[in-house]
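*Asks:* To be precise about what I am sending: the file is called run_27.tsv and holds TSV, C-alpha atoms.
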chain	number	residue	atom	x	y	z
N	1	MET	CA	134.68	29.20	241.78
N	2	PRO	CA	136.95	26.33	242.80
N	3	ALA	CA	140.07	25.91	240.72
N	4	LEU	CA	140.53	23.00	238.38
N	5	LYS	CA	142.10	20.58	240.86
N	6	GLN	CA	139.58	21.29	243.60
N	7	LEU	CA	136.67	20.95	241.18
N	8	SER	CA	138.08	17.73	239.80
N	9	ASP	CA	138.51	16.21	243.27
N	10	LEU	CA	135.06	17.30	244.36
N	11	LEU	CA	133.35	15.89	241.31
N	12	SER	CA	135.26	12.59	241.32
N	13	ALA	CA	134.21	12.10	244.94
N	14	LYS	CA	130.61	13.04	244.24
N	15	PHE	CA	130.17	11.20	240.92
N	16	PRO	CA	132.78	8.41	241.03
N	17	ASP	CA	131.26	6.36	238.19
N	18	ALA	CA	130.19	9.12	235.84
N	19	PHE	CA	132.84	11.81	236.23
N	20	LEU	CA	135.42	11.84	233.45
N	21	GLU	CA	137.66	14.89	233.65
N	22	VAL	CA	137.88	18.64	234.00
N	23	THR	CA	139.73	20.57	231.31
N	24	GLU	CA	140.67	24.20	231.05
N	25	PHE	CA	140.98	26.37	227.96
N	26	ARG	CA	141.95	30.02	228.38
N	27	GLY	CA	140.49	30.20	231.86
N	28	MET	CA	137.22	28.46	230.96
N	29	LEU	CA	136.63	25.22	232.84
N	30	SER	CA	134.88	22.31	231.13
N	31	ILE	CA	133.42	19.43	233.09
N	32	HIS	CA	133.18	16.10	231.26
N	33	ILE	CA	130.70	13.59	232.62
N	34	ARG	CA	128.73	10.59	231.38
N	35	GLY	CA	125.26	11.63	230.28
N	36	GLY	CA	123.26	9.55	232.75
N	37	LEU	CA	124.00	11.76	235.75
N	38	ILE	CA	123.83	15.12	233.98
N	39	LEU	CA	120.67	16.15	235.79
N	40	ASP	CA	122.27	15.53	239.21
N	41	LEU	CA	125.40	17.43	238.25
N	42	LEU	CA	123.56	20.43	236.86
N	43	ARG	CA	121.25	20.52	239.87
N	44	MET	CA	124.31	20.68	242.09
N	45	LEU	CA	125.89	23.41	239.96
N	46	LYS	CA	122.66	25.39	240.11
N	47	THR	CA	121.70	25.04	243.76
N	48	ASP	CA	125.03	24.64	245.58
N	49	PRO	CA	126.01	28.15	246.80
N	50	ARG	CA	129.68	27.40	245.98
N	51	PHE	CA	128.72	27.32	242.29
N	52	ALA	CA	125.34	29.10	241.88
N	53	TYR	CA	125.30	28.76	238.07
N	54	ASN	CA	121.70	29.88	237.94
N	55	PHE	CA	121.34	30.53	234.19
N	56	LEU	CA	121.39	28.02	231.34
N	57	ALA	CA	122.84	30.05	228.50
N	58	ASP	CA	122.94	27.39	225.80
N	59	VAL	CA	122.46	23.72	225.06
N	60	THR	CA	124.13	22.29	222.00
N	61	ALA	CA	125.89	19.11	220.97
N	62	VAL	CA	128.97	17.85	219.16
N	63	ASP	CA	129.32	14.77	216.99
N	64	HIS	CA	132.82	13.37	217.52
N	65	LEU	CA	132.47	10.84	214.71
N	66	LYS	CA	136.10	10.98	213.58
N	67	LYS	CA	137.40	13.49	216.07
N	68	GLY	CA	137.73	11.03	218.94
N	69	GLY	CA	136.33	11.41	222.42
N	70	HIS	CA	134.86	9.46	225.29
N	71	THR	CA	131.85	8.43	223.19
N	72	ARG	CA	130.41	9.64	219.91
N	73	TYR	CA	128.23	12.55	221.04
N	74	SER	CA	128.63	15.14	223.72
N	75	VAL	CA	125.78	17.41	224.73
N	76	VAL	CA	127.22	20.76	225.80
N	77	TYR	CA	125.64	22.94	228.48
N	78	HIS	CA	126.85	26.51	228.90
N	79	LEU	CA	126.06	27.77	232.39
N	80	LEU	CA	126.28	31.32	233.69
N	81	ASN	CA	126.51	32.53	237.25
N	82	GLN	CA	124.65	35.82	237.16
N	83	TYR	CA	125.96	36.96	240.56
N	84	ASP	CA	129.64	37.15	239.60
N	85	ALA	CA	129.32	36.67	235.81
N	86	LYS	CA	131.29	33.42	235.78
N	87	ARG	CA	130.72	30.78	233.17
N	88	ILE	CA	131.32	27.06	232.96
N	89	VAL	CA	130.86	24.41	230.27
N	90	VAL	CA	129.53	20.92	230.93
N	91	HIS	CA	129.99	18.15	228.38
N	92	ALA	CA	127.62	15.21	228.82
N	93	TRP	CA	128.88	12.26	226.79
N	94	VAL	CA	126.28	9.90	225.33
N	95	ASP	CA	126.57	6.64	223.41
N	96	GLU	CA	126.13	6.17	219.70
N	97	GLU	CA	123.76	3.20	219.99
N	98	ASN	CA	121.11	4.79	222.18
N	99	PRO	CA	121.83	8.50	222.46
N	100	ALA	CA	119.70	9.59	225.38
N	101	LEU	CA	120.14	11.48	228.63
N	102	PRO	CA	117.87	13.07	231.24
N	103	SER	CA	116.20	16.36	230.39
N	104	VAL	CA	117.10	19.38	232.51
N	105	TYR	CA	113.72	21.00	231.85
N	106	SER	CA	112.95	20.65	235.57
N	107	LEU	CA	115.86	22.98	236.37
N	108	TRP	CA	115.52	25.55	233.58
N	109	LYS	CA	112.38	26.01	231.48
N	110	THR	CA	114.56	27.32	228.66
N	111	ALA	CA	115.83	23.79	228.15
N	112	ASP	CA	112.52	23.03	226.44
N	113	TRP	CA	113.32	24.48	223.01
N	114	GLN	CA	117.08	24.07	223.30
N	115	GLU	CA	116.77	20.35	223.89
N	116	ARG	CA	114.28	20.12	221.05
N	117	GLU	CA	116.88	21.71	218.78
N	118	VAL	CA	119.53	19.19	219.81
N	119	PHE	CA	117.04	16.40	219.28
N	120	ASP	CA	116.12	17.72	215.84
N	121	LEU	CA	119.67	18.13	214.59
N	122	PHE	CA	121.49	15.30	216.39
N	123	GLY	CA	118.77	12.79	217.26
N	124	ILE	CA	119.71	12.75	220.93
N	125	ARG	CA	116.66	12.03	223.07
N	126	PHE	CA	116.03	13.83	226.35
N	127	GLU	CA	114.12	11.63	228.76
N	128	GLY	CA	111.53	13.47	230.80
N	129	HIS	CA	111.22	16.30	228.25
N	130	PRO	CA	107.58	17.47	228.17
N	131	ASP	CA	107.29	17.80	224.38
N	132	LEU	CA	110.20	16.34	222.44
N	133	ARG	CA	109.35	17.17	218.82
N	134	ARG	CA	111.45	18.52	215.96
N	135	ILE	CA	111.68	22.27	216.22
N	136	MET	CA	113.09	23.37	212.83
N	137	ASN	CA	113.04	20.59	210.26
N	138	PRO	CA	109.78	19.23	208.85
N	139	GLU	CA	108.21	16.64	211.10
N	140	ASP	CA	108.57	13.91	208.48
N	141	PHE	CA	112.21	14.77	207.75
N	142	GLY	CA	113.55	11.41	208.91
N	143	PHE	CA	117.19	12.39	209.46
N	144	HIS	CA	119.21	14.36	211.97
N	145	PRO	CA	121.24	16.59	209.69
N	146	LEU	CA	124.01	17.85	211.98
N	147	ARG	CA	125.32	14.34	212.45
N	148	LYS	CA	128.65	14.12	210.69
N	149	ASP	CA	127.61	11.11	208.60
N	150	TYR	CA	124.77	13.12	207.03
N	151	PRO	CA	125.85	14.62	203.69
N	152	LEU	CA	125.95	18.43	203.40
N	153	HIS	CA	123.67	18.43	200.37
N	154	GLY	CA	121.24	16.10	202.08
N	155	ARG	CA	119.73	12.95	200.69
N	156	GLY	CA	117.55	14.55	198.04
N	157	GLU	CA	115.08	16.26	200.35
N	158	ARG	CA	115.61	19.61	198.65
N	159	ASP	CA	114.79	18.13	195.23
N	160	ASP	CA	111.74	16.18	196.32
N	161	PHE	CA	108.80	18.49	195.63
N	162	PRO	CA	106.03	18.41	193.02
N	163	VAL	CA	106.74	20.56	189.97
N	164	VAL	CA	103.97	23.07	189.32
N	165	GLY	CA	103.72	24.17	185.71
N	166	ARG	CA	101.68	26.88	184.04
N	167	THR	CA	98.07	25.78	183.99
N	168	ILE	CA	97.18	28.17	181.19
N	169	GLY	CA	99.31	30.27	178.92
N	170	SER	CA	101.38	27.24	178.02
N	171	LYS	CA	101.77	28.43	174.43
N	172	TRP	CA	103.96	31.31	175.40
N	173	PRO	CA	106.63	32.03	172.81
N	174	ALA	CA	109.73	29.98	173.32
N	175	ASP	CA	111.78	33.10	172.68
N	176	ARG	CA	111.34	34.99	175.96
N	177	SER	CA	113.75	37.82	175.26
N	178	PHE	CA	112.32	41.22	176.15
N	179	GLU	CA	113.98	43.59	173.76
I	1	MET	CA	96.86	51.98	166.55
I	2	GLY	CA	94.57	54.47	164.96
I	3	ILE	CA	93.65	57.78	166.54
I	4	ASP	CA	90.75	60.15	165.91
I	5	ARG	CA	92.32	63.04	163.93
I	6	SER	CA	89.23	65.20	164.08
I	7	GLY	CA	90.57	67.11	167.05
I	8	ARG	CA	87.92	65.88	169.42
I	9	GLY	CA	89.90	62.79	170.56
I	10	GLU	CA	86.84	60.64	170.85
I	11	TRP	CA	88.10	57.27	169.66
I	12	LEU	CA	91.13	55.18	168.85
I	13	THR	CA	91.55	51.73	167.44
I	14	THR	CA	93.86	49.04	168.76
I	15	THR	CA	93.95	45.31	169.21
I	16	LEU	CA	92.31	43.65	172.15
I	17	ASP	CA	95.64	42.02	173.07
I	18	ALA	CA	97.43	45.33	173.23
I	19	PHE	CA	94.66	46.93	175.26
I	20	VAL	CA	94.35	44.08	177.78
I	21	ASN	CA	98.11	43.70	178.16
I	22	TRP	CA	98.50	47.44	178.64
I	23	ALA	CA	95.91	47.35	181.41
I	24	ARG	CA	97.45	44.31	183.07
I	25	LYS	CA	101.05	45.46	183.00
I	26	ASN	CA	100.24	48.79	184.60
I	27	SER	CA	98.23	47.41	187.49
I	28	LEU	CA	100.21	44.46	188.79
I	29	TRP	CA	99.20	43.47	192.30
I	30	PRO	CA	102.25	41.88	193.92
I	31	MET	CA	102.10	39.22	196.58
I	32	PRO	CA	105.37	39.77	198.49
I	33	PHE	CA	106.92	36.54	199.74
I	34	GLY	CA	109.84	38.03	201.65
I	35	THR	CA	111.84	35.49	203.62
I	36	ALA	CA	115.22	37.21	203.96
I	37	CYS	CA	117.18	40.40	203.32
I	38	CYS	CA	115.65	40.70	199.83
I	39	GLY	CA	112.40	41.42	201.62
I	40	ILE	CA	114.02	44.42	203.29
I	41	GLU	CA	115.22	45.71	199.93
I	42	LEU	CA	111.73	45.20	198.60
I	43	MET	CA	110.42	47.54	201.29
I	44	ALA	CA	112.77	50.24	200.03
I	45	VAL	CA	111.24	49.89	196.57
I	46	LEU	CA	107.82	50.56	198.05
I	47	ALA	CA	108.97	53.70	199.83
I	48	SER	CA	108.95	57.19	198.42
I	49	ARG	CA	112.49	57.38	197.03
I	50	HIS	CA	112.12	54.55	194.54
I	51	ASP	CA	108.33	54.30	194.64
I	52	ILE	CA	107.06	51.23	192.84
I	53	ALA	CA	103.73	53.06	192.52
I	54	ARG	CA	105.21	54.84	189.49
I	55	PHE	CA	104.84	51.50	187.69
I	56	GLY	CA	101.38	50.73	188.99
I	57	ALA	CA	102.44	47.92	191.29
I	58	GLU	CA	101.98	49.56	194.65
I	59	ALA	CA	98.91	47.58	195.71
I	60	LEU	CA	100.64	44.84	197.69
I	61	ARG	CA	98.25	42.20	198.88
I	62	PHE	CA	99.17	39.64	201.48
I	63	SER	CA	96.49	37.34	200.16
I	64	PRO	CA	97.41	35.31	197.07
I	65	ARG	CA	93.79	35.33	195.97
I	66	GLN	CA	93.97	39.08	195.36
I	67	SER	CA	97.35	39.11	193.60
I	68	ASP	CA	98.71	38.38	190.17
I	69	LEU	CA	102.46	38.81	190.76
I	70	LEU	CA	104.32	36.52	193.14
I	71	LEU	CA	107.50	38.26	194.35
I	72	VAL	CA	109.70	35.59	195.91
I	73	ALA	CA	112.30	37.57	197.84
I	74	GLY	CA	114.70	35.42	199.80
I	75	ARG	CA	115.86	31.88	200.36
I	76	ILE	CA	113.22	29.17	200.37
I	77	SER	CA	113.78	26.31	202.80
I	78	ILE	CA	112.48	22.80	202.37
I	79	LYS	CA	109.89	23.57	205.02
I	80	MET	CA	108.73	26.70	203.16
I	81	MET	CA	108.54	25.22	199.65
I	82	PRO	CA	105.14	23.49	200.11
I	83	VAL	CA	103.78	26.78	201.47
I	84	LEU	CA	105.10	28.70	198.46
I	85	THR	CA	103.63	26.15	196.05
I	86	ARG	CA	100.29	26.40	197.80
I	87	ILE	CA	100.35	30.19	197.60
I	88	TYR	CA	101.20	30.08	193.89
I	89	GLN	CA	98.35	27.68	193.25
I	90	GLN	CA	95.93	29.93	195.12
I	91	MET	CA	96.68	32.89	192.87
I	92	PRO	CA	94.16	33.47	190.08
I	93	GLU	CA	95.24	33.51	186.45
I	94	PRO	CA	96.82	35.38	184.81
I	95	LYS	CA	99.77	35.32	187.18
I	96	TRP	CA	103.49	35.92	187.01
I	97	VAL	CA	106.45	35.11	189.24
I	98	ILE	CA	109.56	37.19	189.89
I	99	SER	CA	112.42	35.31	191.49
I	100	MET	CA	114.25	38.03	193.38
I	101	GLY	CA	117.88	37.64	194.39
I	102	ALA	CA	120.47	34.91	194.21
I	103	CYS	CA	118.85	32.70	196.85
I	104	ALA	CA	115.41	32.44	195.29
I	105	SER	CA	116.93	31.99	191.83
I	106	SER	CA	119.64	29.45	192.63
I	107	GLY	CA	119.98	28.89	196.35
I	108	GLY	CA	122.75	31.47	196.46
I	109	ILE	CA	125.49	30.70	198.92
I	110	PHE	CA	123.22	28.30	200.80
I	111	ASP	CA	124.17	25.07	199.04
I	112	THR	CA	122.88	22.86	201.86
I	113	TYR	CA	120.29	20.18	202.44
I	114	SER	CA	117.69	22.61	203.72
I	115	VAL	CA	117.57	25.27	200.99
I	116	ILE	CA	115.82	24.94	197.63
I	117	GLN	CA	118.37	25.43	194.85
I	118	GLY	CA	116.21	27.79	192.82
I	119	ILE	CA	112.43	28.01	192.98
I	120	ASP	CA	112.29	27.51	189.21
I	121	LYS	CA	112.87	23.81	189.82
I	122	PHE	CA	109.29	23.65	191.02
I	123	LEU	CA	107.55	26.87	189.92
I	124	PRO	CA	107.39	28.67	186.55
I	125	VAL	CA	109.45	31.85	186.91
I	126	ASP	CA	109.05	34.77	184.52
I	127	VAL	CA	111.82	37.15	185.59
I	128	TYR	CA	115.00	36.47	187.52
I	129	LEU	CA	116.62	39.30	189.46
I	130	PRO	CA	120.32	38.83	190.15
I	131	GLY	CA	121.89	40.44	193.18
I	132	CYS	CA	122.47	39.74	196.82
I	133	PRO	CA	120.19	41.51	197.45
I	134	PRO	CA	119.32	43.40	194.24
I	135	ARG	CA	119.35	47.17	194.45
I	136	PRO	CA	115.94	48.87	194.29
I	137	GLU	CA	116.80	50.01	190.76
I	138	ALA	CA	117.32	46.37	189.82
I	139	ILE	CA	113.94	45.47	191.24
I	140	LEU	CA	112.31	48.21	189.18
I	141	HIS	CA	114.21	46.98	186.15
I	142	GLY	CA	112.84	43.50	186.82
I	143	LEU	CA	109.34	44.89	187.04
I	144	ILE	CA	109.77	46.75	183.74
I	145	SER	CA	111.13	43.56	182.19
I	146	LEU	CA	108.05	41.72	183.38
I	147	GLN	CA	105.90	44.45	181.83
I	148	LYS	CA	107.63	43.77	178.52
I	149	VAL	CA	106.88	40.07	178.95
I	150	ILE	CA	103.24	40.90	179.58
I	151	MET	CA	103.08	43.12	176.46
I	152	ARG	CA	104.20	40.16	174.36
I	153	ASP	CA	101.33	38.10	175.68
I	154	SER	CA	98.32	37.22	173.59
I	155	MET	CA	94.83	35.96	174.27
I	156	GLN	CA	95.47	32.95	172.11
I	157	HIS	CA	98.12	31.81	174.54
I	158	TYR	CA	95.51	31.42	177.22
I	159	GLU	CA	93.78	28.32	176.04
I	160	GLN	CA	93.22	25.97	178.91
I	161	LEU	CA	95.25	22.81	178.67
I	162	ASP	CA	93.20	19.65	178.26
I	163	GLY	CA	92.65	18.08	181.64
I	164	ALA	CA	94.64	20.68	183.51
I	165	ALA	CA	93.06	21.72	186.77
I	166	PRO	CA	92.72	25.47	187.23
I	167	GLY	CA	95.14	26.85	189.79
With the file now loaded, output its structure as structure tokens.

*Replies:*
Amino acid sequence: MPALKQLSDLLSAKFPDAFLEVTEFRGMLSIHIRGGLILDLLRMLKTDPRFAYNFLADVTAVDHLKKGGHTRYSVVYHLLNQYDAKRIVVHAWVDEENPALPSVYSLWKTADWQEREVFDLFGIRFEGHPDLRRIMNPEDFGFHPLRKDYPLHGRGERDDFPVVGRTIGSKWPADRSFE
Amino acid sequence: MGIDRSGRGEWLTTTLDAFVNWARKNSLWPMPFGTACCGIELMAVLASRHDIARFGAEALRFSPRQSDLLLVAGRISIKMMPVLTRIYQQMPEPKWVISMGACASSGGIFDTYSVIQGIDKFLPVDVYLPGCPPRPEAILHGLISLQKVIMRDSMQHYEQLDGAAPG
């Protein structure tokens, strides 16, 4: 695996407009790139024998609403090289107005459900995804609850159900003590 | 209750309420709705050590149409609540509901947008079981408590409400 400087030079030459930076935290390299070219970058990381990150371990996202960052959302790809057990993290930064980026389903089939989860919870669309539906929340949910501007207790969804009473036996004694 | 003192034991007298309630309380057919760790604890109650069959409630049916006791064991999400309501409505009368554990009774530690904060907001609950999850002894205690509720029941309580649709 190229070291930080080498990787940074290589990527800035290959993706001059989209490449942002490479950071390191405790030996783990993170590539930051604008979302539009994420498919090209991940294809290179998968197929180029210098990298050979052949396994997509996880897709998730971060909402940097007040945290600060290049844009509001970053979609995070965790890649694993199964030949030498090396890992790398790729942050794809997407805009607040139209959060969308290319799907990587064509590279890894596992991206199907993982991208659906990110779509469900963050409302980030993956263009070219074969079946981009909500995966966990009800289909008519209407919000993307892991966005930081969504309240923890929701907007009343958990209180919005019909109340079913007793159809018969309604004259039960008010005093329901057992003893 | 009157008993035949002749030595032959051929008859006894009682009230219809007492007789029907006695029959009902000792043959509850639970519909287990296990969605979390409470469901695992429920399985222990069914097994030989605690043995819910001692209280006549061993005939678990996974069809609501064959059950009269809804055992809600675990947290209920907003996606599951319409399913639970549907299952409750499919159960024939008379029917009872046990809300097992902190999550089913109050949402427990899951005070978030996606978890119902107590099924009793939407369903009539007869017995609440505290615990996270409740011990098998607590579940048996809840069942015995429900049996006491059933013994207090009376036929005159079962008049159909005007205009109410049967469940």

*Asks:* Rank I:Leu71, I:Ala18, I:Val97, I:Ala57 by their smallest atom-to-atom distance to chain N, using all atoms listed in the file, and report the top residue only.

*Replies:*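 Of I:Leu71, I:Ala18, I:Val97, I:Ala57, the one nearest chain N is I:Val97, counting all atoms listed in the file.
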
*Asks:* If we count all atoms listed in the file, what is near Ile40 (chain I) at a cut-off of 10 Å, once residues fewer than 5 positions away on the same chain are taken out, given as a count of residues only?

*Replies:* 6

*Asks:* Env of Ala57 (chain N): 8 Å cut, atoms = all atoms listed in the file, seq-sep filter 4 positions within chain, self excluded. Answer as a VMD selection string.

*Replies:* chain N and resid 77 to 80

*Asks:* CA of Ile88 (chain N) to CA of Asp48 (chain N): how many Å, to one decimal?

*Replies:*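 Here the two named atoms are 14.3 Å from each other.
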
*Asks:* Under the rule that only C-alpha atoms are counted, which of I:Glu58, I:Asp153, I:Asp68, I:Glu41 is the nearest residue to Pro136 (chain I)?

*Replies:*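 That would be I:Glu41, the residue with the smallest distance to Pro136 (chain I).
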
*Asks:* List the neighbours of Ala104 (chain I) out to 7 Å using only C-alpha atoms; skip same-chain residues closer than 4 positions along the sequence, and give me the result as a count of residues only.

*Replies:* 9

*Asks:* Between N:Arg147, N:His91, N:Arg155, N:Arg116, single out the one closest to Leu29 (chain N), counting only C-alpha atoms.

*Replies:*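 Of N:Arg147, N:His91, N:Arg155, N:Arg116, the one nearest Leu29 (chain N) is N:His91, counting only C-alpha atoms.
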
*Asks:* Please indicate the distance in Å from CA of Val118 (chain N) to CA of Gly36 (chain N), rounded to one decimal place.

*Replies:*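 One can read the CA of Val118 (chain N) to CA of Gly36 (chain N) distance as 16.6 Å.
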
*Asks:* Quick one: residues within 10 Å of Ile139 (chain I), all atoms listed in the file counted, chain neighbours fewer than 6 positions away excluded, as a compact mmCIF listing (two decimals) with C-alpha atoms, in the coordinates of the input?

*Replies:*
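That gives us selection.txt:
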# COMPACT_ATOMS: atom_id res chain seq x y z
CA CYS I 38 115.65 40.70 199.83
CA GLU I 41 115.22 45.71 199.93
CA LEU I 42 111.73 45.20 198.60
CA VAL I 45 111.24 49.89 196.57
CA HIS I 50 112.12 54.55 194.54
CA ILE I 52 107.06 51.23 192.84
CA ILE I 98 109.56 37.19 189.89
CA MET I 100 114.25 38.03 193.38
CA GLY I 101 117.88 37.64 194.39
CA TYR I 128 115.00 36.47 187.52
CA LEU I 129 116.62 39.30 189.46
CA PRO I 130 120.32 38.83 190.15
CA GLY I 131 121.89 40.44 193.18
CA PRO I 133 120.19 41.51 197.45
CA SER I 145 111.13 43.56 182.19

*Asks:* Please list as a ChimeraX atom specification every residue within 10 Å of Gln114 (chain N), counting all atoms listed in the file and excluding residues in the same chain fewer than 5 positions away.

*Replies:* /N:56-60,105,109,119-120,135

*Asks:* Would you work out the distance separating CA of Arg134 (chain N) from CA of Gly39 (chain I), expressed in Å to one decimal?

*Replies:*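 Atom-to-atom, CA of Arg134 (chain N) and CA of Gly39 (chain I) are spaced 27.0 Å apart.
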
*Asks:* What are the centre and the three edge lengths of an axis-aligned box that wraps all atoms of region 87-98 of chain I in the file, given that 8 Å is added to every side, written as AutoDock Vina command-line options and rounded to one decimal in Å?

*Replies:*
--center_x 101.9 --center_y 32.4 --center_z 191.2 --size_x 31.4 --size_y 25.5 --size_z 28.8

*Asks:* Which residue, I:Cys103, I:Gly142, I:Ser114, I:Trp11, has the smallest gap to Pro151 (chain N) when you use only C-alpha atoms?

*Replies:* I:Ser114

*Asks:* Between N:Phe51, N:Ala111, N:Phe143, N:Asn137, which residue has the minimum interatomic distance to chain I, considering all atoms listed in the file?

*Replies:*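 Closest residue, counting all atoms listed in the file: N:Asn137.
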
*Asks:* For a quick check of understanding, using all atoms listed in the file, which of I:Ser106, I:Gln117, I:Asn21, I:Ser27 has the smallest distance to chain N?

*Replies:* I:Gln117

*Asks:* Please return, as a list in words, all polymer residues that have at least one atom within 10 Å of the point (128.7, 10.1, 232.0); use only C-alpha atoms and the file's own coordinate frame.

*Replies:*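 Protein, DNA and RNA residues close to (128.7, 10.1, 232.0): Phe15, Asp17, Ala18, Phe19, Leu20, His32, Ile33, Arg34, Gly35, Gly36, Leu37, Ile38, His70, Thr71, Ser74, His91, Ala92, Trp93, Val94, Asp95 and Leu101 of chain N.
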